[in-house]
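Below: one structure, written as structure tokens.
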Amino acid sequence: MSLRTEPVTMNVGPIHPSTHGVFRMRVTFDGEEIVDVEPVIGYLHRGSEKLAEERTYTQVVTLTDRMDYVASMTNNQSYILSVEKLAGITPSPRGVWLRMIAAELQRIASHAVANGFLINDLGAWHTPLLYMLREREKILEMFEMLCGARITNSYLRPGGVFMDAPDQFWPALNRFLDEMPNRIDDIERLLTTNEIVLIRTQNVGVLKKEECLNASITGPVLRASGVDWDLREKNPYDYYDQIEFSRPLGEIGDNHDRFLIRIFEMRESLKILRQCIENIEPGPVRPKEVPFLVRPPKGDSYVPIESPKGELGFYLVSDGGISPFRCHVRAPSLINLTLLKEMVLGDKIADLFVTFGSIDVNMGEVDR
Amino acid sequence: MTKCFSGEKINELIEEIDPKSVVSTNLDSVHIKPENAINIFSKLKDKENCQFNLLNSLTAVDYIDHFEMVYHLTSTIHNHSIVVKIICGEGRKEPKVSSVVSIWKGADLQEREVWDLMGITFENHPNLKRLMLWEEFPGHPLRKDYLR
Amino acid sequence: MNTVMDSVVFKFIYCMLVSSDECANSFKIIGSGFISEKYAIIGFLITAFFLIFVVINGALVGVLALIWGERRLIGRFQARVGPNRWGPWGIFTPVADAIKVMFKEDISPSLSDKFVFVLAPILMVVPVLLIFAVIPFGEATFLTDLNIGVLFVLAITSTNTLSVLMAGWGSGNRYGIIGGLRAVAMLLSYEIPMALAAVGVILMAGSLSIIQVIESQQIPYAIFQPLGFLTFLIASTAELNRSPFDITEAESELIAGYMTEYSSMKFGLFYLGEFMATIASSAIIVCLFLGGWKGPEILPSHFWFMIKWILMICVFIWFRATFPRLRVDQIMELAWKGLFELTLINILSIAILMLIWPDPSITELWIMTGVNWIVFFASLWIFGKLLGPKPLEKNGVTRKIVLQK
């Protein structure tokens with residue numbers, strides 16, 4: 001005798017504890033197995049690209065903060081680099097070093113949040129998450145010193161940054177650099193050899209190299225699959241060409257690799273931060289001749305950078321006016337979701353959320 | 001450092017693949033004919049000295065008198081990149097271009113986004129539905145003639 | 001009536017009400033009560049109801065204390081303070097929670113099966129209260145001494161499966177149904193290792209009565225048969241739906257599982273039932289494996305029971321703060337491929353040892369303990385090899401993170 005069964009379609013989200021924001025998946029389950037996933041997005045769509053067309057180049061900086069609100073500094077950086085290329089502005093060295101410091105701190109913060117929430121999706125009652133958030137808090141405090149804001153920083157300006165770091169910033173940064181390696185080791189000891197974490201994440205949500213590249217997936221997810229593609233090294237922007245760091249690469253490309261890659265990248269970011277502190281010299285943070293209202297000549301520019309989520313780039317078109325004619329964001333979070341269905345098909349319900357968490361998407365950036 | 005090809009170099013590359021398909025050559029990009037696009041893109045991906053295996057970005061710009069598609073392509077093997085543009089359709093009426101999802105899967109969500117916000121139809125797209133907005137939404141908001 | 005009279009507390013209250021010769025002999029100072037022996041049954045009933053009232057309310061207060069303790073302790077585990085606003089150290093937080101829960105709007109979804117929907121939370125709480133009937137809270141302090149106490153506990157705890165399924169089914173929510181079905185699969189599976197782990201204890205004690213089990217423990221069974229203790233602990237964690245086996249609620253997957261559609265006091269009852277089950281299960285573990293009220297005589301037996309009880313609850317809280325959740329197929333694998341066999345090994349080794357030493361002296365008991373520990377490590381090592389995480393490779397690719405210079 002065989003029982004008659006039928007698959008169940010469920011709306012996971014838009015309000016759900018582990019969709020990391022307002023994200024909806026129409027999931028079809030056959031018992032515990034996933035047979036179909038369809039991401040439905042747009043719940044946080046604010047039309048940033050349209051809004052940017054009505055603001056001056058400097059005002060758009062505040063819009064970029066609100067795209068990936070876990071990594072505002074790198075959003076700023078990507079936009080500013082694009083504007084600088086469009087308008088032909090040469091930034092002042094101190095400003096560039098400062099924004100590299102900000103970006104690397106932001107990368108650590110973003111990876112900490114990503115890994116914390118990944119373990120939370122595994123069901124670990126917030127403990128590792130809160131340890132991660134504690135470290136992120138120190139970074140946010142440093143951002144507060146830099147620019148007065150914690151999350152929506154708007155710290156960068158065309159030509160550099162808008163304010164020099166105050167005196168108390170440097171001791172705080174040094175203290176952070178001394179403490180952080182131990183904290184990362186703690187997290188690694190707590191989680192990477194935990195057998196439950198291992199059996200839950202290993203060989204789940206596997207992505208192969210070719211699939212990844214074909215689907216334009218970038219960032220830690222791509223590197224976890226074993227593709228050596230880090231724009232900081234392959235296409236250095238700012239002063240990344242003067243800095244030595246290594247890129248962690250995974251082999252299998254499953255959830256565990258993506259988790260490990262982020263932990264390793266946090267260590268590399270610390271290395272970069274130390275070199276930035278050595279190299280930074282006194283001087284103006286922003287060239288005096290850069291006007292407040294930037295008027296780039298006609299043309300377009302696209303400067304991709306390595307944001308914590310992947311390749312982030314602003315495609316700006318100028319018609320010679322004070323505001324961009326067209327501003328398109330190449331959002332890594334959105335494009336990394338392309339293969340979500342292929343990653344989770346045939347897995348169990350529980351794996352869906354782990355895999356989704358391991359891609360590390362941010363809804364503000366997906367919907368913009 | 002990723003080598004960004006100039007318009008002249010891109011023109012040479014594309015002329016090798018499909019002669020007379022380049023409409024105009026700019027400083028750092030080329031415009032190609034929409035009907036030859038699929039052939040050119042698939043060759044660009046596979047050809048030995050091109051191997052543009054990563055579609056960085058795909059977007060559309062409303063230039064008021066016409067719509068333009070912009071493709072940023074990168075090769076992770078040779079570490080070089082090009083920009084290819086397509087002027088789609090006659091004027092503002094029914095802009096149409098063939099989908100590149102069959103070549104790069106990564107175009108899937110981006111093309112849906114462009115259709116949603118800019119209203120450019122992608123032929124042969126497997127699932128061309130609105131992405132950000134709901135199905136009944138009137139108009140395409142990123143067009144310059146969209147009024148609130 | 002006679003078994004109940006063994007309880008000192010019961011007898012004391014009974015004797016304050018009823019005048020009888022037996023009472024007059026037992027408690028010379030207070031003498032005997034005012035109800036004549038002809039109507040002794042009235043005195044008996046009043047005593048019984050009074051004690052049940054005390055125990056139920058004690059359990060409810062215990063739940064409040066547990067909620068506070070759990071939140072404070074987990075706060076410390078997570079490097080934060082925990083609730084500290086209401087009252088000293090926040091001890092009134094659960095009271096505020098309870099009041100809040102009572103005044104919430106009671107929503108029942110239109111798709112729900114009303115009868116089942118309402119019955120489920122009641123079925124969750126009542127059986128757990130029954131468990132407290134057989135728990136001895138100290139030497140000669142208990143409500144009743146059932147001669148099938150262990151069996152009674154195992155039977156009663158398995159009824160919450162039904163409640164969870166009813167809640168999941170009745171709420172007409174797909175998350176609820178998945179949670180309910182997971183619960184049935186998991187809870188029924190873990191009944192078996194739980195019962196089999198208790199068999200090891202029963203074999204040694206030679207009785208199903210919890211009092212007898214405690215009295216037979218010259219060495220606490222947790223030390224004497226570590227395999228049985230471990231499997232019972234894991235199985236009862238699963239029975240309690242606590243982390244790492246909380247797949248029925250699974251906050252990050254199923255929102256709240258079978259409780260998704262519940263609000264107000266119905267939700268409160270589930271919460272209550274769950275926490276009360278934690279308390280009851282800890283008490284059972286203390287009775288079966290940690291020697292119940294036994295301890296050095298510097299403290300009264302009730303204190304020893306209390307200390308062990310609280311420690312056991314802390315262990316459950318510790319589990320919750322530490323472990324990520326297992327996946328549903330891994331949970332079933334653990335029950336059927338791991339715990340089931342381990343309990344059988346435990347029963348086998350104890351049965352063989354009891355054949356060799358049918359009436360062991362204390363030295364022989366320690367020898368048996370040593371043998372049991374050897375069996376414990378050997379079997380855990382073998383099962384760890386068989387069921388643990390596979391070697392870090394797939395298709396010949398070894399997992400390592402390469403640092404590309």
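Going by the structure tokens order, chains are called A, B, ..., each with residues numbered from 1, while ligands are numbered from 1 in the order shown.
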Find the spatial neighbours of C:Tyr271, counting only C-alpha atoms, within a cut-off of 10 Å - ignore same-chain residues fewer than 3 positions away - and output them as a short mmCIF file (atom, residue, chain, number, x, y, z; two decimals) with N, CA, C and O atoms, in the first residue's frame.
```
data_model
loop_
_atom_site.label_atom_id
_atom_site.label_comp_id
_atom_site.auth_asym_id
_atom_site.auth_seq_id
_atom_site.Cartn_x
_atom_site.Cartn_y
_atom_site.Cartn_z
N VAL C 63 8.39 27.33 37.78
CA VAL C 63 8.50 27.73 36.39
C VAL C 63 8.93 29.19 36.30
O VAL C 63 9.82 29.54 35.52
N ILE C 67 12.24 30.46 34.49
CA ILE C 67 12.29 31.43 33.39
C ILE C 67 13.30 32.52 33.72
O ILE C 67 14.15 32.88 32.90
N PRO C 121 -3.18 23.01 24.29
CA PRO C 121 -2.36 23.54 25.38
C PRO C 121 -2.69 22.94 26.74
O PRO C 121 -1.80 22.77 27.58
N MET C 124 -1.01 19.79 27.17
CA MET C 124 0.43 19.95 27.36
C MET C 124 0.77 20.06 28.84
O MET C 124 1.78 19.53 29.30
N VAL C 125 -0.08 20.78 29.58
CA VAL C 125 0.28 21.12 30.96
C VAL C 125 -0.09 20.00 31.94
O VAL C 125 0.69 19.63 32.81
N MET C 259 3.61 26.11 17.75
CA MET C 259 3.03 27.20 18.54
C MET C 259 2.79 28.45 17.72
O MET C 259 2.37 29.47 18.26
N MET C 265 -2.91 33.42 26.56
CA MET C 265 -2.66 32.43 27.60
C MET C 265 -2.51 31.02 27.03
O MET C 265 -1.91 30.16 27.66
N LYS C 266 -3.04 30.79 25.82
CA LYS C 266 -2.82 29.47 25.20
C LYS C 266 -1.34 29.28 24.96
O LYS C 266 -0.77 28.23 25.24
N PHE C 267 -0.73 30.35 24.44
CA PHE C 267 0.72 30.30 24.26
C PHE C 267 1.40 30.17 25.61
O PHE C 267 2.35 29.41 25.78
N GLY C 268 0.84 30.92 26.58
CA GLY C 268 1.40 30.87 27.93
C GLY C 268 1.38 29.45 28.49
O GLY C 268 2.33 29.03 29.15
N GLU C 274 6.16 23.54 28.83
CA GLU C 274 7.51 23.23 28.42
C GLU C 274 8.50 23.40 29.58
O GLU C 274 9.33 22.54 29.83
N PHE C 275 8.36 24.53 30.27
CA PHE C 275 9.30 24.77 31.37
C PHE C 275 9.06 23.82 32.53
O PHE C 275 9.98 23.38 33.20
N MET C 276 7.76 23.49 32.76
CA MET C 276 7.45 22.56 33.84
C MET C 276 8.03 21.19 33.51
O MET C 276 8.54 20.48 34.39
N ALA C 277 7.98 20.83 32.20
CA ALA C 277 8.55 19.55 31.79
C ALA C 277 10.05 19.54 32.05
O ALA C 277 10.61 18.50 32.45
#
```
Residue list for chain A near chain B as a PyMOL selection string, 8 Å, only C-alpha atoms: chain A and resi 40-43+45+49-50+213-217+229+233-236+311+326+328+330+334-335+338+367
Write out, as a tab-separated table (two decimals), in the first residue's frame, the residues just selected, with N, CA, C and O atoms.
```tsv
chain	number	residue	atom	x	y	z
A	40	VAL	N	11.12	35.72	-3.98
A	40	VAL	CA	10.26	36.85	-4.33
A	40	VAL	C	10.82	38.04	-3.57
A	40	VAL	O	10.84	38.04	-2.34
A	41	ILE	N	11.32	39.05	-4.30
A	41	ILE	CA	11.96	40.15	-3.60
A	41	ILE	C	11.28	41.46	-3.95
A	41	ILE	O	10.39	41.50	-4.79
A	42	GLY	N	11.70	42.50	-3.30
A	42	GLY	CA	11.14	43.81	-3.59
A	42	GLY	C	10.42	44.43	-2.42
A	42	GLY	O	9.85	45.50	-2.55
A	43	TYR	N	10.44	43.78	-1.27
A	43	TYR	CA	9.72	44.34	-0.13
A	43	TYR	C	10.42	45.55	0.47
A	43	TYR	O	9.85	46.29	1.25
A	45	HIS	N	12.17	47.70	-1.57
A	45	HIS	CA	12.57	48.51	-2.72
A	45	HIS	C	12.21	49.97	-2.46
A	45	HIS	O	11.06	50.31	-2.26
A	49	GLU	N	17.94	54.08	-7.10
A	49	GLU	CA	18.53	54.48	-8.38
A	49	GLU	C	17.78	55.66	-8.96
A	49	GLU	O	18.38	56.56	-9.56
A	50	LYS	N	16.47	55.66	-8.80
A	50	LYS	CA	15.69	56.80	-9.30
A	50	LYS	C	15.95	58.04	-8.44
A	50	LYS	O	16.08	59.15	-8.96
A	213	LEU	N	30.94	31.10	-11.55
A	213	LEU	CA	31.35	32.13	-12.49
A	213	LEU	C	30.25	32.41	-13.49
A	213	LEU	O	29.95	33.56	-13.82
A	214	ASN	N	29.60	31.35	-13.95
A	214	ASN	CA	28.56	31.51	-14.95
A	214	ASN	C	27.40	32.32	-14.40
A	214	ASN	O	26.75	33.06	-15.13
A	215	ALA	N	27.14	32.19	-13.11
A	215	ALA	CA	26.03	32.92	-12.51
A	215	ALA	C	26.47	34.26	-11.94
A	215	ALA	O	25.75	34.86	-11.16
A	216	SER	N	27.67	34.71	-12.30
A	216	SER	CA	28.19	36.01	-11.86
A	216	SER	C	28.30	36.12	-10.35
A	216	SER	O	28.24	37.21	-9.80
A	217	ILE	N	28.40	34.98	-9.66
A	217	ILE	CA	28.52	35.04	-8.20
A	217	ILE	C	29.94	35.47	-7.85
A	217	ILE	O	30.91	35.00	-8.45
A	229	TRP	N	39.64	35.06	-7.20
A	229	TRP	CA	39.16	36.28	-7.82
A	229	TRP	C	38.79	37.27	-6.73
A	229	TRP	O	37.70	37.26	-6.20
A	233	GLU	N	43.04	42.42	-5.26
A	233	GLU	CA	44.34	42.00	-5.79
A	233	GLU	C	44.34	42.01	-7.32
A	233	GLU	O	45.32	42.39	-7.93
A	234	LYS	N	43.23	41.62	-7.94
A	234	LYS	CA	43.20	41.49	-9.39
A	234	LYS	C	43.03	42.84	-10.08
A	234	LYS	O	43.51	43.04	-11.18
A	235	ASN	N	42.30	43.72	-9.45
A	235	ASN	CA	42.07	45.03	-10.06
A	235	ASN	C	42.15	46.08	-8.97
A	235	ASN	O	41.15	46.66	-8.56
A	236	PRO	N	43.36	46.32	-8.44
A	236	PRO	CA	43.45	47.12	-7.21
A	236	PRO	C	42.91	48.53	-7.38
A	236	PRO	O	43.29	49.24	-8.32
A	311	GLU	N	31.31	41.56	-5.64
A	311	GLU	CA	31.70	42.70	-6.47
A	311	GLU	C	30.59	43.75	-6.46
A	311	GLU	O	29.47	43.49	-6.88
A	326	ARG	N	22.17	58.72	-14.79
A	326	ARG	CA	21.72	57.36	-14.48
A	326	ARG	C	22.69	56.80	-13.48
A	326	ARG	O	23.90	56.98	-13.59
A	328	HIS	N	23.30	53.16	-11.72
A	328	HIS	CA	22.90	51.76	-11.56
A	328	HIS	C	23.85	51.08	-10.58
A	328	HIS	O	25.06	51.30	-10.64
A	330	ARG	N	25.43	47.65	-9.23
A	330	ARG	CA	25.62	46.21	-9.43
A	330	ARG	C	25.67	45.61	-8.03
A	330	ARG	O	26.69	45.67	-7.35
A	334	LEU	N	22.06	40.70	-4.66
A	334	LEU	CA	21.00	40.29	-5.58
A	334	LEU	C	21.51	39.20	-6.50
A	334	LEU	O	20.86	38.16	-6.68
A	335	ILE	N	22.71	39.40	-7.06
A	335	ILE	CA	23.18	38.48	-8.08
A	335	ILE	C	23.63	37.17	-7.45
A	335	ILE	O	23.48	36.11	-8.05
A	338	THR	N	21.15	34.30	-7.45
A	338	THR	CA	20.71	33.65	-8.69
A	338	THR	C	20.61	32.15	-8.56
A	338	THR	O	19.67	31.53	-9.04
A	367	ASP	N	17.15	44.77	-2.69
A	367	ASP	CA	16.00	45.52	-3.20
A	367	ASP	C	16.34	46.96	-3.58
A	367	ASP	O	15.73	47.53	-4.48
```
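The shell of residues at most 9 Å from C:Leu165, with only C-alpha atoms counted and near chain neighbours (fewer than 3 positions) removed, consists of C:Ala120, C:Asn160, C:Thr161, C:Leu162, C:Gly168, C:Trp169, C:Gly170, C:Gly176, C:Ile177, C:Gly179, C:Gly180, C:Leu181, C:Arg182, C:Ala183, C:Val184, C:Tyr258.
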Create the file for the chosen residues now, containing all heavy atoms and written as a CSV table (one decimal), in the first residue's frame.
```csv
chain,number,residue,atom,x,y,z
C,120,ALA,N,-5.3,21.4,22.9
C,120,ALA,CA,-3.9,21.1,22.9
C,120,ALA,C,-3.1,21.7,24.0
C,120,ALA,O,-2.3,21.0,24.7
C,120,ALA,CB,-3.3,21.5,21.5
C,160,ASN,N,2.8,14.1,25.7
C,160,ASN,CA,2.9,15.5,25.1
C,160,ASN,C,3.1,15.4,23.6
C,160,ASN,O,2.9,16.4,22.9
C,160,ASN,CB,4.0,16.3,25.8
C,160,ASN,CG,5.4,16.0,25.4
C,160,ASN,OD1,5.6,14.9,24.9
C,160,ASN,ND2,6.2,16.9,25.6
C,161,THR,N,3.5,14.2,23.1
C,161,THR,CA,3.5,14.0,21.6
C,161,THR,C,2.1,14.4,21.0
C,161,THR,O,2.0,15.1,20.0
C,161,THR,CB,3.8,12.6,21.3
C,161,THR,OG1,4.9,12.1,22.1
C,161,THR,CG2,4.2,12.4,19.9
C,162,LEU,N,1.1,13.8,21.7
C,162,LEU,CA,-0.2,14.1,21.2
C,162,LEU,C,-0.6,15.5,21.2
C,162,LEU,O,-1.1,16.1,20.2
C,162,LEU,CB,-1.2,13.3,22.1
C,162,LEU,CG,-2.7,13.3,21.6
C,162,LEU,CD1,-2.8,12.6,20.3
C,162,LEU,CD2,-3.5,12.6,22.7
C,168,GLY,N,-0.2,21.4,16.3
C,168,GLY,CA,0.2,21.7,14.9
C,168,GLY,C,-0.9,21.5,13.9
C,168,GLY,O,-1.1,22.3,13.0
C,169,TRP,N,-1.7,20.5,14.1
C,169,TRP,CA,-2.8,20.2,13.2
C,169,TRP,C,-3.9,21.1,13.4
C,169,TRP,O,-4.4,21.7,12.4
C,169,TRP,CB,-3.3,18.7,13.5
C,169,TRP,CG,-4.4,18.3,12.5
C,169,TRP,CD1,-5.7,18.4,12.7
C,169,TRP,CD2,-4.2,17.8,11.2
C,169,TRP,NE1,-6.4,18.0,11.6
C,169,TRP,CE2,-5.5,17.6,10.7
C,169,TRP,CE3,-3.1,17.5,10.4
C,169,TRP,CZ2,-5.7,17.1,9.4
C,169,TRP,CZ3,-3.3,17.0,9.2
C,169,TRP,CH2,-4.6,16.8,8.7
C,170,GLY,N,-4.3,21.4,14.6
C,170,GLY,CA,-5.5,22.2,14.9
C,170,GLY,C,-5.3,23.7,14.4
C,170,GLY,O,-6.3,24.3,14.1
C,176,GLY,N,2.9,25.0,11.5
C,176,GLY,CA,2.5,24.2,12.6
C,176,GLY,C,2.4,22.7,12.3
C,176,GLY,O,2.8,21.9,13.1
C,177,ILE,N,1.9,22.4,11.1
C,177,ILE,CA,1.8,21.0,10.7
C,177,ILE,C,3.2,20.3,10.6
C,177,ILE,O,3.4,19.2,11.1
C,177,ILE,CB,1.0,20.8,9.4
C,177,ILE,CG1,-0.4,21.2,9.6
C,177,ILE,CG2,1.1,19.4,8.8
C,177,ILE,CD1,-1.3,21.2,8.4
C,179,GLY,N,5.9,21.3,12.1
C,179,GLY,CA,6.4,21.2,13.5
C,179,GLY,C,5.7,20.0,14.2
C,179,GLY,O,6.4,19.2,14.8
C,180,GLY,N,4.4,19.8,14.0
C,180,GLY,CA,3.7,18.7,14.7
C,180,GLY,C,4.2,17.4,14.2
C,180,GLY,O,4.4,16.4,15.0
C,181,LEU,N,4.4,17.3,12.9
C,181,LEU,CA,4.8,16.0,12.3
C,181,LEU,C,6.2,15.6,12.7
C,181,LEU,O,6.5,14.5,13.1
C,181,LEU,CB,4.6,16.0,10.8
C,181,LEU,CG,3.2,16.1,10.3
C,181,LEU,CD1,3.1,16.1,8.8
C,181,LEU,CD2,2.4,14.9,10.8
C,182,ARG,N,7.1,16.7,12.7
C,182,ARG,CA,8.4,16.4,13.2
C,182,ARG,C,8.4,16.0,14.6
C,182,ARG,O,9.1,15.1,15.0
C,182,ARG,CB,9.2,17.7,13.2
C,182,ARG,CG,9.8,18.1,11.8
C,182,ARG,CD,10.5,19.4,12.0
C,182,ARG,NE,11.2,19.8,10.8
C,182,ARG,CZ,12.1,20.8,10.7
C,182,ARG,NH1,12.2,21.5,11.8
C,182,ARG,NH2,12.7,21.1,9.6
C,183,ALA,N,7.5,16.6,15.4
C,183,ALA,CA,7.5,16.2,16.9
C,183,ALA,C,7.1,14.8,17.0
C,183,ALA,O,7.7,14.1,17.8
C,183,ALA,CB,6.4,17.1,17.6
C,184,VAL,N,6.1,14.3,16.3
C,184,VAL,CA,5.7,12.9,16.4
C,184,VAL,C,6.8,12.0,16.1
C,184,VAL,O,7.2,11.1,16.8
C,184,VAL,CB,4.5,12.6,15.5
C,184,VAL,CG1,4.1,11.2,15.6
C,184,VAL,CG2,3.3,13.5,15.9
C,258,TYR,N,4.9,24.3,16.1
C,258,TYR,CA,3.5,24.1,16.4
C,258,TYR,C,2.8,25.2,17.2
C,258,TYR,O,1.6,25.3,17.3
C,258,TYR,CB,3.3,22.7,17.2
C,258,TYR,CG,4.1,22.7,18.5
C,258,TYR,CD1,3.4,23.1,19.7
C,258,TYR,CD2,5.4,22.4,18.6
C,258,TYR,CE1,4.1,23.1,20.9
C,258,TYR,CE2,6.1,22.4,19.8
C,258,TYR,CZ,5.4,22.8,20.9
C,258,TYR,OH,6.0,22.8,22.1
```
Identify every residue of chain A that has at least one atom within 9 Å of any atom of chain C, counting only C-alpha atoms, and report the result as a PyMOL selection string. chain A and resi 8-10+12+16-19+31-32+119-131+134+194-200+202-203+224+226+228+244-252+257+260-261+264+348-353
Residues as selected, C-alpha atoms, written as an mmCIF file, in the first residue's frame, can you do that?
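Result file is out.cif:
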```cif
data_model
loop_
_atom_site.group_PDB
_atom_site.id
_atom_site.type_symbol
_atom_site.label_atom_id
_atom_site.label_comp_id
_atom_site.auth_asym_id
_atom_site.auth_seq_id
_atom_site.Cartn_x
_atom_site.Cartn_y
_atom_site.Cartn_z
ATOM 1 C CA VAL A 8 3.207 21.548 0.198
ATOM 2 C CA THR A 9 3.887 25.095 -0.942
ATOM 3 C CA MET A 10 4.749 27.535 1.769
ATOM 4 C CA VAL A 12 8.797 31.519 3.863
ATOM 5 C CA HIS A 16 10.484 35.232 9.158
ATOM 6 C CA PRO A 17 13.249 35.008 11.771
ATOM 7 C CA SER A 18 15.955 33.860 9.388
ATOM 8 C CA THR A 19 15.343 35.552 6.083
ATOM 9 C CA GLY A 31 7.829 16.034 3.287
ATOM 10 C CA GLU A 32 11.073 17.519 4.544
ATOM 11 C CA ILE A 119 25.377 30.020 13.141
ATOM 12 C CA ASN A 120 22.119 31.483 14.366
ATOM 13 C CA ASP A 121 20.364 29.960 11.376
ATOM 14 C CA LEU A 122 21.863 26.656 12.461
ATOM 15 C CA GLY A 123 19.856 27.072 15.639
ATOM 16 C CA ALA A 124 22.475 28.126 18.149
ATOM 17 C CA TRP A 125 20.267 30.284 20.348
ATOM 18 C CA HIS A 126 22.140 33.562 19.648
ATOM 19 C CA THR A 127 25.298 32.750 21.598
ATOM 20 C CA PRO A 128 27.899 32.960 18.780
ATOM 21 C CA LEU A 129 25.917 35.795 17.228
ATOM 22 C CA LEU A 130 26.202 37.908 20.337
ATOM 23 C CA TYR A 131 29.927 37.229 20.573
ATOM 24 C CA ARG A 134 30.216 42.422 20.540
ATOM 25 C CA ASN A 194 31.870 21.634 16.813
ATOM 26 C CA GLU A 195 30.543 18.350 15.473
ATOM 27 C CA ILE A 196 27.016 19.633 15.075
ATOM 28 C CA VAL A 197 28.261 22.561 13.013
ATOM 29 C CA LEU A 198 30.350 20.181 10.942
ATOM 30 C CA ILE A 199 27.598 17.708 10.114
ATOM 31 C CA ARG A 200 25.136 20.500 9.448
ATOM 32 C CA GLN A 202 29.616 20.089 5.340
ATOM 33 C CA ASN A 203 28.678 19.127 1.790
ATOM 34 C CA ALA A 224 34.923 29.389 -1.245
ATOM 35 C CA GLY A 226 38.088 27.853 -5.272
ATOM 36 C CA ASP A 228 41.044 33.094 -7.040
ATOM 37 C CA GLU A 244 50.438 42.660 0.816
ATOM 38 C CA PHE A 245 47.753 40.241 1.814
ATOM 39 C CA SER A 246 46.697 36.740 0.928
ATOM 40 C CA ARG A 247 43.384 35.483 -0.332
ATOM 41 C CA PRO A 248 41.878 32.464 1.387
ATOM 42 C CA LEU A 249 40.481 29.977 -1.100
ATOM 43 C CA GLY A 250 38.181 27.052 -0.427
ATOM 44 C CA GLU A 251 38.034 23.770 -2.275
ATOM 45 C CA ILE A 252 34.575 22.321 -2.098
ATOM 46 C CA ASP A 257 33.888 26.576 3.276
ATOM 47 C CA LEU A 260 35.692 29.412 7.052
ATOM 48 C CA ILE A 261 36.546 31.819 4.233
ATOM 49 C CA PHE A 264 40.115 33.785 7.334
ATOM 50 C CA LYS A 348 16.060 19.380 3.867
ATOM 51 C CA ILE A 349 14.040 22.345 5.140
ATOM 52 C CA ALA A 350 16.678 23.177 7.716
ATOM 53 C CA ASP A 351 19.406 23.364 5.075
ATOM 54 C CA LEU A 352 17.525 26.014 3.138
ATOM 55 C CA PHE A 353 18.110 28.591 5.849
#
```
For A:Leu340, please output as a list in words all residues within 9 Å (counting only C-alpha atoms; exclusion window: fewer than 5 positions along the same chain). Val37, Glu38, Pro39, Gly205, Leu345, Leu352, Thr355, Phe356 and Ile359 of chain A
6 Å contact set for stretch 202-213 of chain C, only C-alpha atoms, chain neighbours under 3 positions out, as a short mmCIF file (atom, residue, chain, number, x, y, z; two decimals) with N, CA, C and O atoms, in the first residue's frame:
```cif
data_model
loop_
_atom_site.label_atom_id
_atom_site.label_comp_id
_atom_site.auth_asym_id
_atom_site.auth_seq_id
_atom_site.Cartn_x
_atom_site.Cartn_y
_atom_site.Cartn_z
N LEU C 146 4.17 5.31 43.93
CA LEU C 146 3.63 4.29 43.03
C LEU C 146 4.64 3.17 42.89
O LEU C 146 5.83 3.41 42.72
N ASN C 147 4.13 1.92 42.91
CA ASN C 147 5.09 0.83 42.74
C ASN C 147 5.49 0.67 41.28
O ASN C 147 6.37 -0.11 40.96
N ILE C 148 4.86 1.42 40.36
CA ILE C 148 5.31 1.40 38.96
C ILE C 148 5.74 2.82 38.55
O ILE C 148 5.52 3.26 37.43
N GLY C 149 6.36 3.53 39.48
CA GLY C 149 6.67 4.95 39.29
C GLY C 149 7.41 5.25 38.00
O GLY C 149 7.03 6.16 37.26
N VAL C 150 8.47 4.48 37.70
CA VAL C 150 9.28 4.78 36.52
C VAL C 150 8.45 4.61 35.26
O VAL C 150 8.47 5.45 34.34
N VAL C 199 15.82 1.03 31.82
CA VAL C 199 15.85 -0.39 32.14
C VAL C 199 17.12 -0.74 32.91
O VAL C 199 17.09 -1.53 33.86
N SER C 216 18.19 2.20 46.42
CA SER C 216 19.14 1.17 46.00
C SER C 216 20.47 1.75 45.53
O SER C 216 21.39 1.02 45.23
#
```
Rounded to one decimal, what separation in Å do you get between atom CA of C:Thr248 and atom CA of C:Ala185? 10.0 Å
Quick check for you: according to DSSP on this backbone, which residues of stretch 253-345 of chain A are classed as helix (DSSP H, G or I)? Reply as a PyMOL selection string. chain A and resi 255-279+332-344
Neighbouring residues of B:Lys96 were defined as those with any atom within 7 Å, considering only C-alpha atoms; residues of the same chain fewer than 5 positions away were excluded. Please report them as number ranges by chain. B: 88-89, 120-122
Would you return as a PyMOL selection string the members of chain B that DSSP assigns to strand (DSSP E) on this structure's backbone? chain B and resi 3-4+22-25+30-32+54-62+67-75+80-88+96-98+121-123
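In this structure, atom CA of A:Phe169 sits 11.7 Å away from atom CA of A:Leu140.
The smallest atom-to-atom distance between A:Leu118 and any of A:Gly320, A:Gly357, A:Pro297, A:Pro158, using only C-alpha atoms, is found for A:Gly357.
For B:Ser81, the list of residues within 6 Å, based on only C-alpha atoms and with local chain neighbours fewer than 5 positions off taken out, reads B:Cys4, B:Leu73, B:Thr74.
The gap separating atom CA of A:Ile187 from atom CA of A:Gly116 is 9.5 Å, in Å to one decimal.
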